[in-house]
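Undergrad: First the structure, which I've put down as structure tokens, then a few questions once you've had a look.
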Amino acid sequence: MNRITVPMSARKRVALIAHDHCKSDLLDWARYNRGTLVDHELFATGTTGTLLSTELGLAITRFLSGPFGGDQQVGAGIVDGRIDFVIFFWDPLEPQPHDVDVKALLRVAVVHNVPIACNRATADFLLSSH
């Protein structure tokens, strides 16, 4: 499979997503990394975007909630080249009513060679990477 490699600018375009059981983990991670996140262009799905914006005072472009098309909007952003990487704290042990959309988002990220972090360790690595 041929992959297109596009270098990222210093100001990254980051999508933030968290399933309900993982929202507090993402909020803790974002709180710890607020000083770094403020320098990037942030996107988030519905409730996650509201939570991060309200709690941390970050400027965030909000998509719809995941089950209402937000995951697909993030996927479209990846396809259009508007998102550099995704931080997606998803719950692998809890069935999701929109599981098909979640899998589609993961597939789009892989096909378009966009990094996607699904846990704190990988999120830390991506955010600190040049």
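Ordering of the structure tokens sets the chain letters (A, B, ...), residue numbers begin anew at 1 in every chain, and ligands are numbered from 1 in the order given.
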Residues of chain A in strand (DSSP E or B) according to DSSP, as a VMD selection string?

TA: chain A and resid 13 to 18 41 to 44 60 to 62 85 to 89 116 to 117

Undergrad: Could you produce a table of the residues of range 35-62 of chain A lying within 10 Å of range 86-110 of chain A, with the nearest pair of atoms per residue and their separation in Å rounded to one decimal, using only C-alpha atoms, ordered by chain and increasing residue number, as a tab-separated table?

TA:
```
residue	atom	partner	partner_atom	distance
A:Leu42	CA	A:Val86	CA	10.0
A:Phe43	CA	A:Val86	CA	9.2
A:Ala44	CA	A:Ile87	CA	9.4
```

Undergrad: How far is it from CA of Gly77 in chain A to CA of Ala15 in chain A, in Å with one decimal?

TA: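 A separation of 9.1 Å between them.
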
Undergrad: Contacts of Arg13 in chain A at 12 Å or less, counting only C-alpha atoms, minus same-chain residues fewer than 6 places along, as a list in words?

TA: Leu37, Val38, Asp39, His40, Glu41, Leu42, Phe43, Ala44, Ile60, Thr61, Val74, Gly77, Ile78, Gly81, Arg82, Ile83, Asp84, Phe85, Val86, Ile87, Val114, Pro115, Leu126 and Leu127 of chain A

Undergrad: Dump N, CA and C atoms for the selected residues as a PDB file, in the first residue's frame?

TA:
```pdb
ATOM      1  N   LEU A  37      -1.147  21.996  24.922  1.00  0.00           N
ATOM      2  CA  LEU A  37      -2.342  21.961  24.063  1.00  0.00           C
ATOM      3  C   LEU A  37      -2.763  23.347  23.591  1.00  0.00           C
ATOM      4  N   VAL A  38      -2.566  24.351  24.429  1.00  0.00           N
ATOM      5  CA  VAL A  38      -3.005  25.705  24.084  1.00  0.00           C
ATOM      6  C   VAL A  38      -2.297  26.232  22.831  1.00  0.00           C
ATOM      7  N   ASP A  39      -1.155  25.663  22.499  1.00  0.00           N
ATOM      8  CA  ASP A  39      -0.398  26.092  21.317  1.00  0.00           C
ATOM      9  C   ASP A  39      -0.835  25.399  20.027  1.00  0.00           C
ATOM     10  N   HIS A  40      -1.821  24.512  20.117  1.00  0.00           N
ATOM     11  CA  HIS A  40      -2.258  23.749  18.954  1.00  0.00           C
ATOM     12  C   HIS A  40      -3.714  24.050  18.630  1.00  0.00           C
ATOM     13  N   GLU A  41      -4.120  23.688  17.426  1.00  0.00           N
ATOM     14  CA  GLU A  41      -5.515  23.843  17.024  1.00  0.00           C
ATOM     15  C   GLU A  41      -6.251  22.581  17.446  1.00  0.00           C
ATOM     16  N   LEU A  42      -7.266  22.742  18.285  1.00  0.00           N
ATOM     17  CA  LEU A  42      -7.948  21.598  18.881  1.00  0.00           C
ATOM     18  C   LEU A  42      -9.358  21.413  18.322  1.00  0.00           C
ATOM     19  N   PHE A  43      -9.701  20.154  18.124  1.00  0.00           N
ATOM     20  CA  PHE A  43     -11.029  19.732  17.693  1.00  0.00           C
ATOM     21  C   PHE A  43     -11.487  18.669  18.679  1.00  0.00           C
ATOM     22  N   ALA A  44     -12.780  18.545  18.863  1.00  0.00           N
ATOM     23  CA  ALA A  44     -13.284  17.489  19.750  1.00  0.00           C
ATOM     24  C   ALA A  44     -14.722  17.168  19.389  1.00  0.00           C
ATOM     25  N   ILE A  60     -11.704  25.266  21.387  1.00  0.00           N
ATOM     26  CA  ILE A  60     -11.899  23.968  20.738  1.00  0.00           C
ATOM     27  C   ILE A  60     -13.007  24.084  19.702  1.00  0.00           C
ATOM     28  N   THR A  61     -12.719  23.613  18.491  1.00  0.00           N
ATOM     29  CA  THR A  61     -13.752  23.491  17.464  1.00  0.00           C
ATOM     30  C   THR A  61     -14.492  22.188  17.757  1.00  0.00           C
ATOM     31  N   VAL A  74     -14.768  13.694  12.414  1.00  0.00           N
ATOM     32  CA  VAL A  74     -13.324  13.612  12.634  1.00  0.00           C
ATOM     33  C   VAL A  74     -12.683  12.840  11.486  1.00  0.00           C
ATOM     34  N   GLY A  77     -12.334  14.986   8.577  1.00  0.00           N
ATOM     35  CA  GLY A  77     -11.223  15.912   8.785  1.00  0.00           C
ATOM     36  C   GLY A  77      -9.884  15.263   8.478  1.00  0.00           C
ATOM     37  N   ILE A  78      -9.760  13.993   8.808  1.00  0.00           N
ATOM     38  CA  ILE A  78      -8.540  13.248   8.486  1.00  0.00           C
ATOM     39  C   ILE A  78      -8.400  13.130   6.975  1.00  0.00           C
ATOM     40  N   GLY A  81      -7.358  16.221   5.283  1.00  0.00           N
ATOM     41  CA  GLY A  81      -6.061  16.764   5.690  1.00  0.00           C
ATOM     42  C   GLY A  81      -6.150  17.889   6.698  1.00  0.00           C
ATOM     43  N   ARG A  82      -7.280  17.990   7.406  1.00  0.00           N
ATOM     44  CA  ARG A  82      -7.478  19.053   8.402  1.00  0.00           C
ATOM     45  C   ARG A  82      -7.122  18.631   9.809  1.00  0.00           C
ATOM     46  N   ILE A  83      -6.805  17.349  10.012  1.00  0.00           N
ATOM     47  CA  ILE A  83      -6.444  16.832  11.337  1.00  0.00           C
ATOM     48  C   ILE A  83      -5.133  16.082  11.209  1.00  0.00           C
ATOM     49  N   ASP A  84      -4.173  16.446  12.065  1.00  0.00           N
ATOM     50  CA  ASP A  84      -2.847  15.828  12.028  1.00  0.00           C
ATOM     51  C   ASP A  84      -2.769  14.545  12.839  1.00  0.00           C
ATOM     52  N   PHE A  85      -3.407  14.537  13.994  1.00  0.00           N
ATOM     53  CA  PHE A  85      -3.466  13.307  14.770  1.00  0.00           C
ATOM     54  C   PHE A  85      -4.650  13.332  15.722  1.00  0.00           C
ATOM     55  N   VAL A  86      -4.962  12.150  16.240  1.00  0.00           N
ATOM     56  CA  VAL A  86      -6.159  11.964  17.061  1.00  0.00           C
ATOM     57  C   VAL A  86      -5.766  11.379  18.412  1.00  0.00           C
ATOM     58  N   ILE A  87      -6.326  11.960  19.466  1.00  0.00           N
ATOM     59  CA  ILE A  87      -6.245  11.380  20.804  1.00  0.00           C
ATOM     60  C   ILE A  87      -7.642  10.840  21.077  1.00  0.00           C
ATOM     61  N   VAL A 114      -2.476   8.550   9.673  1.00  0.00           N
ATOM     62  CA  VAL A 114      -2.598   9.578  10.694  1.00  0.00           C
ATOM     63  C   VAL A 114      -2.446   8.907  12.058  1.00  0.00           C
ATOM     64  N   PRO A 115      -1.514   9.404  12.878  1.00  0.00           N
ATOM     65  CA  PRO A 115      -1.334   8.804  14.204  1.00  0.00           C
ATOM     66  C   PRO A 115      -2.601   8.931  15.040  1.00  0.00           C
ATOM     67  N   LEU A 126       2.810  11.260  21.340  1.00  0.00           N
ATOM     68  CA  LEU A 126       2.436  12.058  20.159  1.00  0.00           C
ATOM     69  C   LEU A 126       2.514  13.556  20.441  1.00  0.00           C
ATOM     70  N   LEU A 127       2.000  13.967  21.589  1.00  0.00           N
ATOM     71  CA  LEU A 127       1.975  15.397  21.882  1.00  0.00           C
ATOM     72  C   LEU A 127       3.374  15.963  22.053  1.00  0.00           C
TER      73      LEU A 127
END
```

Undergrad: Neighbours of Gly66 in chain A within 9 Å (only C-alpha atoms; same-chain residues fewer than 5 positions away dropped), as a PyMOL selection string?

TA: chain A and resi 17+19+45-47+71-73+98+101-102

Undergrad: From the DSSP assignment of the backbone, select every residue of range 23-120 of chain A that is alpha helix (DSSP H), and format the answer as a PyMOL selection string.

TA: chain A and resi 23-32+34-37+46-56+70-79+99-111+120

Undergrad: Measuring between only C-alpha atoms, which one of A:Asp80, A:Glu55, A:Ser128, A:Lys12 shows the shortest distance to Asn33 in chain A?

TA: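 Of A:Asp80, A:Glu55, A:Ser128, A:Lys12, the one nearest Asn33 in chain A is A:Ser128, counting only C-alpha atoms.
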
Undergrad: Calculated over only C-alpha atoms, which of the candidates A:Gly70, A:Ile116, A:Tyr32, A:Leu16 has the smallest distance to Leu51 in chain A?

TA: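 Nearest to Leu51 in chain A: A:Leu16.
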
Undergrad: Give the answer as one residue: which of A:Leu58, A:Ser24, A:Val79, A:Gly49 has the shortest atom-to-atom distance to Asn113 in chain A, using only C-alpha atoms?

TA: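 Of A:Leu58, A:Ser24, A:Val79, A:Gly49, the one nearest Asn113 in chain A, counting only C-alpha atoms, is A:Val79.
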
Undergrad: Could you tell me how far CA of Ala121 in chain A lies from CA of Ala18 in chain A, in Å and to one decimal?

TA: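 These atoms are spaced 15.1 Å apart.
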